[in-house]
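One file, protein_30.txt, carrying compact mmCIF, C-alpha atoms and all ligand atoms:
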```
# COMPACT_ATOMS: atom_id res chain seq x y z
CA MET B 1 19.82 -50.63 46.27
CA LYS B 2 20.62 -48.05 43.59
CA ALA B 3 17.91 -45.58 42.58
CA VAL B 4 18.20 -46.49 38.90
CA SER B 5 20.16 -49.29 37.28
CA SER B 6 20.70 -50.20 33.68
CA ILE B 7 21.41 -53.92 33.62
CA ILE B 8 23.27 -54.96 30.47
CA ASP B 9 23.08 -58.65 29.55
CA THR B 10 26.32 -59.27 27.64
CA GLY B 11 25.24 -62.87 26.98
CA ALA B 12 22.20 -61.58 25.07
CA LEU B 13 24.45 -59.16 23.20
CA VAL B 14 26.71 -61.96 22.00
CA ARG B 15 23.75 -64.20 21.09
CA ASN B 16 22.19 -61.35 19.08
CA LEU B 17 25.43 -60.88 17.13
CA ARG B 18 25.60 -64.63 16.43
CA ARG B 19 22.01 -64.51 15.21
CA ILE B 20 22.95 -61.61 12.88
CA ARG B 21 25.86 -63.72 11.62
CA GLU B 22 23.32 -66.42 10.66
CA MET B 23 21.15 -63.84 8.90
CA THR B 24 24.10 -62.55 6.83
CA PRO B 25 26.40 -65.56 6.38
CA HIS B 26 28.38 -63.96 3.54
CA SER B 27 29.11 -60.63 5.21
CA LYS B 28 31.59 -59.42 7.78
CA LEU B 29 30.06 -57.74 10.83
CA LEU B 30 30.91 -54.16 11.63
CA ALA B 31 29.39 -53.79 15.09
CA VAL B 32 28.12 -50.22 15.53
CA VAL B 33 29.06 -48.95 19.01
CA LYS B 34 28.73 -45.19 18.47
CA ALA B 35 27.00 -43.00 21.07
CA ASN B 36 28.30 -45.00 24.01
CA ALA B 37 27.12 -48.19 22.31
CA TYR B 38 23.58 -46.82 22.06
CA GLY B 39 23.71 -46.05 25.79
CA HIS B 40 24.90 -49.57 26.71
CA GLY B 41 28.55 -48.58 27.46
CA LEU B 42 31.21 -48.26 24.74
CA TYR B 43 34.09 -50.27 26.12
CA PRO B 44 32.16 -53.03 27.96
CA VAL B 45 30.08 -53.68 24.83
CA ALA B 46 33.13 -53.77 22.54
CA ALA B 47 34.96 -56.05 24.98
CA ALA B 48 31.98 -58.43 25.16
CA LEU B 49 31.73 -58.57 21.35
CA ASN B 50 35.44 -58.65 20.64
CA ASP B 51 35.57 -62.36 19.74
CA ASP B 52 32.45 -62.28 17.56
CA ALA B 53 32.54 -58.94 15.73
CA ASP B 54 34.89 -58.42 12.77
CA ALA B 55 35.26 -54.68 13.43
CA PHE B 56 33.69 -51.79 15.35
CA ALA B 57 32.12 -48.59 14.02
CA VAL B 58 31.92 -45.23 15.79
CA SER B 59 31.05 -41.72 14.71
CA ARG B 60 33.63 -39.62 16.59
CA ILE B 61 37.39 -39.92 16.70
CA GLU B 62 37.29 -39.65 20.53
CA GLU B 63 35.22 -42.85 20.63
CA ALA B 64 37.76 -44.61 18.40
CA LEU B 65 40.73 -43.47 20.51
CA SER B 66 38.96 -44.53 23.68
CA LEU B 67 38.54 -48.05 22.27
CA ARG B 68 42.19 -48.18 21.23
CA ASN B 69 43.43 -46.82 24.55
CA GLN B 70 41.47 -49.51 26.37
CA GLY B 71 43.07 -52.24 24.29
CA ILE B 72 40.61 -52.94 21.48
CA SER B 73 42.77 -53.94 18.51
CA LYS B 74 40.10 -54.93 15.95
CA PRO B 75 39.57 -52.53 13.03
CA VAL B 76 37.66 -49.40 14.11
CA VAL B 77 35.78 -47.41 11.46
CA LEU B 78 34.92 -43.70 11.60
CA LEU B 79 31.49 -43.64 9.95
CA GLU B 80 31.59 -39.89 9.27
CA GLY B 81 35.31 -39.57 8.73
CA PHE B 82 37.20 -36.92 10.69
CA PHE B 83 36.20 -33.29 11.23
CA ASN B 84 39.64 -31.58 11.40
CA SER B 85 42.44 -32.18 8.94
CA SER B 86 44.87 -32.35 11.87
CA ASP B 87 43.08 -35.58 12.91
CA VAL B 88 44.38 -37.49 9.87
CA GLU B 89 47.61 -38.12 11.74
CA LEU B 90 45.61 -39.79 14.56
CA VAL B 91 43.66 -41.88 12.06
CA SER B 92 46.97 -43.20 10.76
CA ARG B 93 48.72 -43.57 14.13
CA TYR B 94 45.80 -45.48 15.68
CA ASP B 95 45.26 -47.56 12.56
CA LEU B 96 41.63 -46.49 12.08
CA TYR B 97 39.45 -46.91 9.00
CA THR B 98 37.83 -43.69 7.85
CA ALA B 99 34.90 -42.84 5.61
CA VAL B 100 35.78 -40.07 3.15
CA HIS B 101 32.70 -38.13 2.13
CA ASP B 102 34.04 -35.08 0.32
CA LEU B 103 36.98 -33.53 -1.52
CA THR B 104 38.15 -31.65 1.57
CA GLN B 105 38.61 -34.89 3.51
CA ALA B 106 40.27 -36.57 0.52
CA ARG B 107 42.73 -33.67 0.10
CA ALA B 108 43.47 -33.59 3.82
CA ILE B 109 44.50 -37.25 3.62
CA ALA B 110 46.61 -36.70 0.51
CA ASP B 111 48.29 -33.60 2.02
CA ALA B 112 49.08 -35.13 5.41
CA LYS B 113 52.58 -36.21 6.41
CA LEU B 114 52.03 -39.77 7.62
CA LYS B 115 54.23 -42.61 8.78
CA LYS B 116 51.60 -45.20 7.81
CA PRO B 117 48.79 -45.10 5.21
CA VAL B 118 45.12 -45.00 6.26
CA HIS B 119 42.25 -47.33 5.30
CA CYS B 120 39.64 -45.34 3.38
CA TRP B 121 36.04 -46.06 2.44
CA VAL B 122 34.63 -43.56 -0.06
CA GLN B 123 31.24 -42.51 1.23
CA VAL B 124 28.57 -41.79 -1.38
CA ASP B 125 25.01 -40.51 -1.37
CA ILE B 126 22.49 -42.95 -2.83
CA GLY B 127 19.37 -41.02 -1.80
CA MET B 128 19.53 -39.81 1.79
CA HIS B 129 21.41 -36.55 1.10
CA ARG B 130 23.28 -36.71 4.38
CA LEU B 131 26.95 -37.45 3.64
CA GLY B 132 28.75 -38.05 0.39
CA SER B 133 28.26 -37.01 -3.20
CA CYS B 134 25.82 -38.54 -5.69
CA ASP B 135 27.68 -37.02 -8.62
CA LEU B 136 29.75 -39.64 -10.44
CA LYS B 137 32.31 -37.06 -11.58
CA GLU B 138 32.89 -35.79 -8.07
CA ILE B 139 33.07 -39.31 -6.62
CA ALA B 140 35.61 -40.20 -9.34
CA GLN B 141 37.65 -37.13 -8.33
CA ILE B 142 37.65 -38.16 -4.66
CA LYS B 143 38.61 -41.69 -5.65
CA LYS B 144 41.46 -40.48 -7.85
CA ILE B 145 42.94 -38.21 -5.16
CA LEU B 146 42.92 -41.12 -2.70
CA GLU B 147 44.22 -43.66 -5.22
CA ASP B 148 47.06 -41.41 -6.37
CA SER B 149 48.18 -40.75 -2.78
CA PRO B 150 50.75 -42.94 -1.01
CA ASN B 151 48.84 -42.15 2.20
CA THR B 152 46.06 -44.69 1.52
CA TYR B 153 45.79 -48.47 1.42
CA LYS B 154 44.44 -49.86 -1.86
CA PRO B 155 41.94 -50.93 -2.99
CA LEU B 156 39.58 -48.31 -1.56
CA GLY B 157 36.30 -49.36 0.00
CA LEU B 158 32.85 -47.95 -0.78
CA ILE B 159 30.24 -47.16 1.87
CA SER B 160 26.73 -45.75 1.85
CA HIS B 161 23.64 -45.71 4.02
CA LEU B 162 20.01 -46.71 3.41
CA SER B 163 17.48 -44.10 4.57
CA VAL B 164 14.18 -45.94 4.10
CA ALA B 165 15.03 -49.62 4.64
CA ASP B 166 12.60 -49.58 7.61
CA THR B 167 9.85 -47.53 5.94
CA PRO B 168 7.01 -49.64 4.46
CA SER B 169 5.69 -46.85 2.21
CA GLU B 170 9.13 -46.32 0.60
CA GLN B 171 10.04 -49.79 -0.63
CA ALA B 172 10.46 -48.63 -4.23
CA TYR B 173 12.77 -45.84 -3.09
CA ASN B 174 14.80 -48.34 -1.11
CA GLU B 175 15.29 -50.43 -4.28
CA ILE B 176 16.44 -47.30 -6.11
CA GLN B 177 19.00 -46.61 -3.37
CA GLN B 178 20.38 -50.13 -3.63
CA ASP B 179 20.53 -49.80 -7.46
CA ASN B 180 22.42 -46.52 -7.06
CA PHE B 181 24.96 -48.12 -4.75
CA PHE B 182 25.80 -51.02 -7.03
CA ARG B 183 25.81 -48.76 -10.11
CA ILE B 184 28.41 -46.46 -8.48
CA ALA B 185 30.51 -49.47 -7.43
CA GLU B 186 30.46 -50.84 -10.97
CA GLU B 187 30.80 -47.68 -13.05
CA LEU B 188 33.66 -46.34 -10.97
CA ASP B 189 35.22 -49.77 -10.63
CA PHE B 190 35.50 -49.99 -6.85
CA LYS B 191 37.50 -53.13 -6.21
CA GLY B 192 37.68 -52.89 -2.42
CA ASP B 193 35.15 -53.82 0.24
CA LEU B 194 31.56 -52.63 -0.05
CA SER B 195 29.42 -51.71 2.95
CA LEU B 196 25.70 -50.98 2.74
CA GLY B 197 23.26 -52.76 5.09
CA ASN B 198 22.27 -51.36 8.50
CA SER B 199 19.92 -53.20 10.88
CA ALA B 200 16.84 -52.77 8.70
CA GLY B 201 18.81 -53.79 5.61
CA ILE B 202 20.10 -56.89 7.41
CA CYS B 203 16.57 -57.92 8.44
CA LYS B 204 14.80 -57.15 5.21
CA TRP B 205 16.98 -56.42 2.15
CA GLU B 206 19.28 -59.20 1.09
CA ARG B 207 20.94 -57.10 -1.60
CA SER B 208 22.34 -54.88 1.13
CA HIS B 209 24.30 -57.83 2.58
CA THR B 210 27.57 -56.57 1.11
CA THR B 211 31.18 -57.43 2.13
CA TRP B 212 30.47 -55.62 5.38
CA VAL B 213 27.12 -55.03 7.07
CA ARG B 214 26.69 -52.56 9.93
CA PRO B 215 24.32 -53.83 12.62
CA GLY B 216 23.48 -51.25 15.28
CA ILE B 217 20.10 -51.37 17.00
CA ILE B 218 19.46 -55.10 16.39
CA MET B 219 22.64 -56.05 18.28
CA TYR B 220 21.03 -54.47 21.31
CA GLY B 221 17.96 -56.66 20.75
CA ILE B 222 15.76 -53.80 19.54
CA SER B 223 13.74 -53.66 16.32
CA PRO B 224 14.32 -50.97 13.68
CA PHE B 225 10.71 -51.45 12.51
CA ASP B 226 7.71 -49.62 14.04
CA ASP B 227 5.45 -52.65 13.92
CA LYS B 228 7.78 -55.25 15.45
CA THR B 229 9.81 -55.80 18.61
CA GLY B 230 13.29 -57.26 18.81
CA VAL B 231 11.76 -60.46 20.20
CA ASP B 232 9.60 -60.72 17.04
CA LEU B 233 12.88 -60.72 15.08
CA GLY B 234 14.40 -63.50 17.17
CA LEU B 235 16.54 -61.13 19.27
CA GLU B 236 16.88 -60.63 23.02
CA PRO B 237 16.70 -57.22 24.69
CA VAL B 238 20.11 -56.35 26.16
CA MET B 239 19.26 -53.40 28.41
CA THR B 240 16.86 -53.55 31.36
CA LEU B 241 16.25 -50.18 33.01
CA LYS B 242 15.17 -50.66 36.60
CA ALA B 243 14.15 -48.39 39.47
CA SER B 244 12.18 -48.90 42.69
CA LEU B 245 9.00 -47.89 44.41
CA ILE B 246 10.03 -45.32 47.02
CA ALA B 247 6.59 -44.21 48.24
CA VAL B 248 3.02 -45.53 48.11
CA HIS B 249 -0.04 -43.31 48.78
CA HIS B 250 -3.76 -44.02 49.00
CA ILE B 251 -5.47 -41.24 47.04
CA LYS B 252 -9.11 -40.36 46.37
CA LYS B 253 -11.03 -39.96 43.14
CA GLY B 254 -10.37 -36.42 41.86
CA ASP B 255 -7.00 -35.99 43.63
CA LYS B 256 -4.47 -34.10 41.50
CA VAL B 257 -1.08 -35.71 41.01
CA GLY B 258 2.32 -34.11 40.33
CA TYR B 259 3.46 -30.91 38.59
CA GLY B 260 0.73 -29.14 36.70
CA ALA B 261 -1.84 -31.60 38.11
CA ALA B 262 -1.44 -33.52 34.88
CA TYR B 263 -3.14 -36.61 36.34
CA VAL B 264 -6.46 -36.46 38.13
CA ALA B 265 -7.31 -39.77 39.79
CA PRO B 266 -10.34 -41.26 37.99
CA HIS B 267 -11.10 -43.44 41.03
CA ASP B 268 -9.89 -44.07 44.57
CA THR B 269 -6.55 -45.73 44.01
CA VAL B 270 -3.01 -46.42 45.19
CA LEU B 271 -0.35 -44.13 43.74
CA GLY B 272 3.26 -45.28 43.48
CA VAL B 273 6.31 -43.01 43.34
CA ILE B 274 9.27 -44.47 41.41
CA SER B 275 12.94 -43.49 41.85
CA ALA B 276 13.65 -42.49 38.23
CA GLY B 277 12.95 -39.41 36.14
CA TYR B 278 14.07 -37.45 33.14
CA GLY B 279 17.36 -36.74 34.94
CA ASP B 280 18.09 -40.43 34.38
CA GLY B 281 16.95 -40.38 30.76
CA TYR B 282 13.36 -41.55 31.16
CA PRO B 283 11.43 -39.36 28.68
CA ARG B 284 9.40 -36.52 30.18
CA THR B 285 7.20 -36.76 27.09
CA ALA B 286 5.80 -40.08 28.39
CA PRO B 287 2.04 -39.45 28.54
CA ASN B 288 -0.32 -40.69 31.25
CA GLY B 289 -0.77 -44.43 30.70
CA THR B 290 2.75 -45.32 29.54
CA PRO B 291 3.36 -48.82 30.93
CA VAL B 292 5.77 -49.66 33.77
CA TYR B 293 6.29 -53.28 34.83
CA ILE B 294 5.84 -53.87 38.57
CA ASN B 295 5.21 -57.19 40.35
CA GLY B 296 4.25 -59.15 37.25
CA ARG B 297 1.93 -56.68 35.57
CA ARG B 298 1.94 -53.43 33.61
CA VAL B 299 0.74 -50.33 35.43
CA PRO B 300 0.18 -46.90 33.84
CA THR B 301 2.28 -43.79 34.52
CA ALA B 302 0.32 -40.93 36.09
CA GLY B 303 1.18 -37.24 35.71
CA HIS B 304 4.29 -35.53 34.42
CA VAL B 305 7.61 -37.32 34.82
CA CYS B 306 9.77 -35.31 37.27
CA MET B 307 13.57 -34.97 37.17
CA ASP B 308 14.25 -37.70 39.76
CA MET B 309 10.90 -39.41 40.22
CA MET B 310 7.75 -40.43 38.42
CA PHE B 311 4.30 -41.70 39.37
CA VAL B 312 2.30 -44.80 38.52
CA ASP B 313 -1.33 -45.65 39.25
CA LEU B 314 -1.00 -49.01 41.00
CA GLY B 315 -4.77 -49.53 41.11
CA PRO B 316 -7.12 -49.78 44.12
CA ASP B 317 -6.15 -53.38 44.94
CA SER B 318 -2.41 -52.77 44.96
CA GLN B 319 -0.33 -54.88 47.34
CA ASP B 320 2.91 -53.25 46.14
CA LYS B 321 5.43 -52.18 48.75
CA ILE B 322 8.22 -49.68 49.09
CA GLY B 323 11.39 -51.26 47.71
CA ASP B 324 9.60 -53.28 45.02
CA SER B 325 11.33 -53.13 41.70
CA ALA B 326 9.92 -51.20 38.73
CA VAL B 327 11.13 -52.09 35.23
CA LEU B 328 10.90 -49.07 32.94
CA TRP B 329 11.89 -51.16 29.91
CA GLY B 330 13.76 -54.36 29.19
CA LYS B 331 13.02 -58.06 28.98
CA GLU B 332 9.64 -57.73 30.71
CA LEU B 333 8.55 -54.60 28.83
CA PRO B 334 9.87 -53.86 25.32
CA VAL B 335 11.50 -50.45 24.94
CA GLU B 336 9.74 -50.34 21.56
CA VAL B 337 6.38 -50.14 23.42
CA VAL B 338 7.56 -47.29 25.66
CA ALA B 339 9.06 -45.40 22.69
CA SER B 340 5.87 -45.69 20.72
CA CYS B 341 3.83 -44.29 23.67
CA CYS B 342 6.26 -41.34 23.80
CA GLY B 343 6.15 -40.61 20.06
CA THR B 344 9.80 -41.44 19.54
CA ILE B 345 11.99 -44.36 18.48
CA PRO B 346 13.67 -46.83 20.84
CA TYR B 347 17.10 -45.69 19.57
CA GLU B 348 16.56 -42.35 21.31
CA LEU B 349 15.44 -43.84 24.62
CA VAL B 350 18.46 -46.10 25.06
CA CYS B 351 20.90 -43.40 23.88
CA ARG B 352 19.56 -40.94 26.44
CA ILE B 353 20.54 -42.93 29.54
CA MET B 354 22.32 -40.38 31.76
CA PRO B 355 25.75 -40.88 33.35
CA ARG B 356 24.31 -40.98 36.89
CA VAL B 357 22.47 -44.22 36.09
CA ASN B 358 24.28 -47.19 37.60
CA THR B 359 25.20 -49.52 34.74
CA GLU B 360 25.80 -53.17 35.65
CA TYR B 361 27.03 -55.92 33.37
CA GLU B 362 25.95 -59.52 33.72
CA SER B 363 26.02 -62.43 31.35
CA ASN B 364 22.85 -64.55 31.38
C1 LIG T 1 24.23 -45.60 13.09
C2 LIG T 1 24.61 -46.15 11.77
C3 LIG T 1 24.40 -47.51 11.48
C4 LIG T 1 23.63 -48.44 12.38
O1 LIG T 1 22.25 -48.21 12.17
P1 LIG T 1 21.16 -49.19 12.84
O2 LIG T 1 19.87 -48.74 12.29
O3 LIG T 1 21.25 -48.96 14.32
O4 LIG T 1 21.55 -50.55 12.46
C5 LIG T 1 24.91 -48.00 10.30
N1 LIG T 1 25.56 -47.19 9.43
C6 LIG T 1 25.75 -45.88 9.67
C7 LIG T 1 26.46 -45.06 8.67
C8 LIG T 1 25.27 -45.31 10.83
O5 LIG T 1 25.44 -44.01 11.05
```
Could I get this structure in the form of structure tokens?
Amino acid sequence: MKAVSSIIDTGALVRNLRRIREMTPHSKLLAVVKANAYGHGLYPVAAALNDDADAFAVSRIEEALSLRNQGISKPVVLLEGFFNSSDVELVSRYDLYTAVHDLTQARAIADAKLKKPVHCWVQVDIGMHRLGSCDLKEIAQIKKILEDSPNTYKPLGLISHLSVADTPSEQAYNEIQQDNFFRIAEELDFKGDLSLGNSAGICKWERSHTTWVRPGIIMYGISPFDDKTGVDLGLEPVMTLKASLIAVHHIKKGDKVGYGAAYVAPHDTVLGVISAGYGDGYPRTAPNGTPVYINGRRVPTAGHVCMDMMFVDLGPDSQDKIGDSAVLWGKELPVEVVASCCGTIPYELVCRIMPRVNTEYESN
């Protein structure tokens, strides 16, 4: 028995991608595997999806090279471009696709000495103000530098990102962002591939189903929306984070549990100690009462999460034993529910899985 295991269901992963294919029948699928595939394991996830995805997206050149070096030959896209002009040579040598968000990146590509051209997607700002320009003149300048250079494949692509596709109070602003995207594509005459929709766009905004869509969180069976789970969207959770009960104590009403005595037993009860903590990536911000799934029911956490362990109140009638399994999130307990208790989003919880957690792959 391992203290903490993250069980990754590659069958569910593939079924989720096929479901996304049905939701966006006219788009190609750029499977987003940045940040260690949202904590699910970069290479194993890419390998499992290799037959179903049309391309992979990452945010760092190291992630792209790691995929290439392990034999992934599908297109790999750098969503933020490259950060050093000396990396352009690697982009070309490893046949990567790169976003180009400013004049510096465009000039670095034009100035490089390359044996092969690079695939470029001009990245524009349609309302998020993160990467790219929203100024038509500047975008036209970037486009011209890239089009005039022998170092790029033509036609150039166009990419942007929706910032409020999942935000109910900002639906009008989301429409404006989509208008901006298609206006830029038309006015500057982009003839290459367009890429707009992320998970929330795929689920909710049909106009964002462009040549390429970029599913991230929904591939992992997790909802981008606060008020829904992945299961509500017809998806299956891919990650199950499991630990075990390693101690069981009978405690009295008023007993003080853990660091800072952050839980005071409200009744005589049975306290369980679980073999996972924030050193594994379980959030220390989890308040008393965050659910853990043990022996067919949800029990509340009790006291501060420690580095290697955490407590649950198993209740006075507990029959639970040392060695019983405790699911921290997964098929039996949506990670969306845990994230919402902790005041964060499920993206952060799955990304934070630490390297010491034992990751196992199975296909169910
Ligand atoms: C991370 C990312 C995505 C995927 O977002 P999800 O909400 O997980 O679908 C898509 N596009 C860009 C540019 C990203 O950075």
Can you list, as number ranges by chain, every protein, DNA or RNA residue that comes within 8 Å of Thr359 (chain B) when you count only C-alpha atoms, leaving out same-chain residues fewer than 5 positions away? B: 5-8
Using only C-alpha atoms, list the residues that have an atom at most 12 Å from (31.5, -49.7, 14.9), coordinates as in the file, as an mmCIF file with C-alpha atoms, in the frame of the given file.
```
data_model
loop_
_atom_site.group_PDB
_atom_site.id
_atom_site.type_symbol
_atom_site.label_atom_id
_atom_site.label_comp_id
_atom_site.auth_asym_id
_atom_site.auth_seq_id
_atom_site.Cartn_x
_atom_site.Cartn_y
_atom_site.Cartn_z
ATOM 1 C CA LEU B 29 30.060 -57.740 10.830
ATOM 2 C CA LEU B 30 30.910 -54.160 11.630
ATOM 3 C CA ALA B 31 29.390 -53.790 15.090
ATOM 4 C CA VAL B 32 28.120 -50.220 15.530
ATOM 5 C CA VAL B 33 29.060 -48.950 19.010
ATOM 6 C CA LYS B 34 28.730 -45.190 18.470
ATOM 7 C CA ALA B 35 27.000 -43.000 21.070
ATOM 8 C CA ASN B 36 28.300 -45.000 24.010
ATOM 9 C CA ALA B 37 27.120 -48.190 22.310
ATOM 10 C CA TYR B 38 23.580 -46.820 22.060
ATOM 11 C CA LEU B 42 31.210 -48.260 24.740
ATOM 12 C CA TYR B 43 34.090 -50.270 26.120
ATOM 13 C CA VAL B 45 30.080 -53.680 24.830
ATOM 14 C CA ALA B 46 33.130 -53.770 22.540
ATOM 15 C CA LEU B 49 31.730 -58.570 21.350
ATOM 16 C CA ASN B 50 35.440 -58.650 20.640
ATOM 17 C CA ALA B 53 32.540 -58.940 15.730
ATOM 18 C CA ASP B 54 34.890 -58.420 12.770
ATOM 19 C CA ALA B 55 35.260 -54.680 13.430
ATOM 20 C CA PHE B 56 33.690 -51.790 15.350
ATOM 21 C CA ALA B 57 32.120 -48.590 14.020
ATOM 22 C CA VAL B 58 31.920 -45.230 15.790
ATOM 23 C CA SER B 59 31.050 -41.720 14.710
ATOM 24 C CA ARG B 60 33.630 -39.620 16.590
ATOM 25 C CA ILE B 61 37.390 -39.920 16.700
ATOM 26 C CA GLU B 63 35.220 -42.850 20.630
ATOM 27 C CA ALA B 64 37.760 -44.610 18.400
ATOM 28 C CA LEU B 67 38.540 -48.050 22.270
ATOM 29 C CA ILE B 72 40.610 -52.940 21.480
ATOM 30 C CA LYS B 74 40.100 -54.930 15.950
ATOM 31 C CA PRO B 75 39.570 -52.530 13.030
ATOM 32 C CA VAL B 76 37.660 -49.400 14.110
ATOM 33 C CA VAL B 77 35.780 -47.410 11.460
ATOM 34 C CA LEU B 78 34.920 -43.700 11.600
ATOM 35 C CA LEU B 79 31.490 -43.640 9.950
ATOM 36 C CA GLU B 80 31.590 -39.890 9.270
ATOM 37 C CA LEU B 96 41.630 -46.490 12.080
ATOM 38 C CA TYR B 97 39.450 -46.910 9.000
ATOM 39 C CA THR B 98 37.830 -43.690 7.850
ATOM 40 C CA ASN B 198 22.270 -51.360 8.500
ATOM 41 C CA TRP B 212 30.470 -55.620 5.380
ATOM 42 C CA VAL B 213 27.120 -55.030 7.070
ATOM 43 C CA ARG B 214 26.690 -52.560 9.930
ATOM 44 C CA PRO B 215 24.320 -53.830 12.620
ATOM 45 C CA GLY B 216 23.480 -51.250 15.280
ATOM 46 C CA ILE B 217 20.100 -51.370 17.000
ATOM 47 C CA MET B 219 22.640 -56.050 18.280
#
```
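Using only C-alpha atoms, the shortest contact distance between His209 (chain B) and any of B:Arg352, B:Lys28, B:Arg183, B:Arg19 is found at B:Lys28.
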At what distance in Å, to one decimal, does CA of Gly277 (chain B) lie from CA of Met1 (chain B)?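 Between these atoms lies a distance of 16.6 Å.
Of the residues listed (B:Ile159, B:Val4, B:Leu131, B:Ile176), B:Val4 shows the shortest atom-to-atom separation from Arg356 (chain B); distances use all atoms listed in the file.
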From the coordinates supplied, region 132-144 of chain B should be written with C-alpha atoms, as a compact mmCIF listing (two decimals), in the first residue's frame.
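Generated output (part-v2.txt):
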```txt
# COMPACT_ATOMS: atom_id res chain seq x y z
CA GLY B 132 -1.19 39.83 -27.48
CA SER B 133 -2.10 43.24 -28.82
CA CYS B 134 -5.61 44.59 -29.35
CA ASP B 135 -4.32 47.33 -31.65
CA LEU B 136 -5.07 46.52 -35.29
CA LYS B 137 -2.03 48.47 -36.51
CA GLU B 138 0.34 46.60 -34.24
CA ILE B 139 -1.22 43.22 -35.09
CA ALA B 140 -0.86 44.10 -38.79
CA GLN B 141 2.82 44.90 -38.18
CA ILE B 142 3.41 41.54 -36.46
CA LYS B 143 1.59 39.79 -39.29
CA LYS B 144 3.63 41.57 -41.94
```
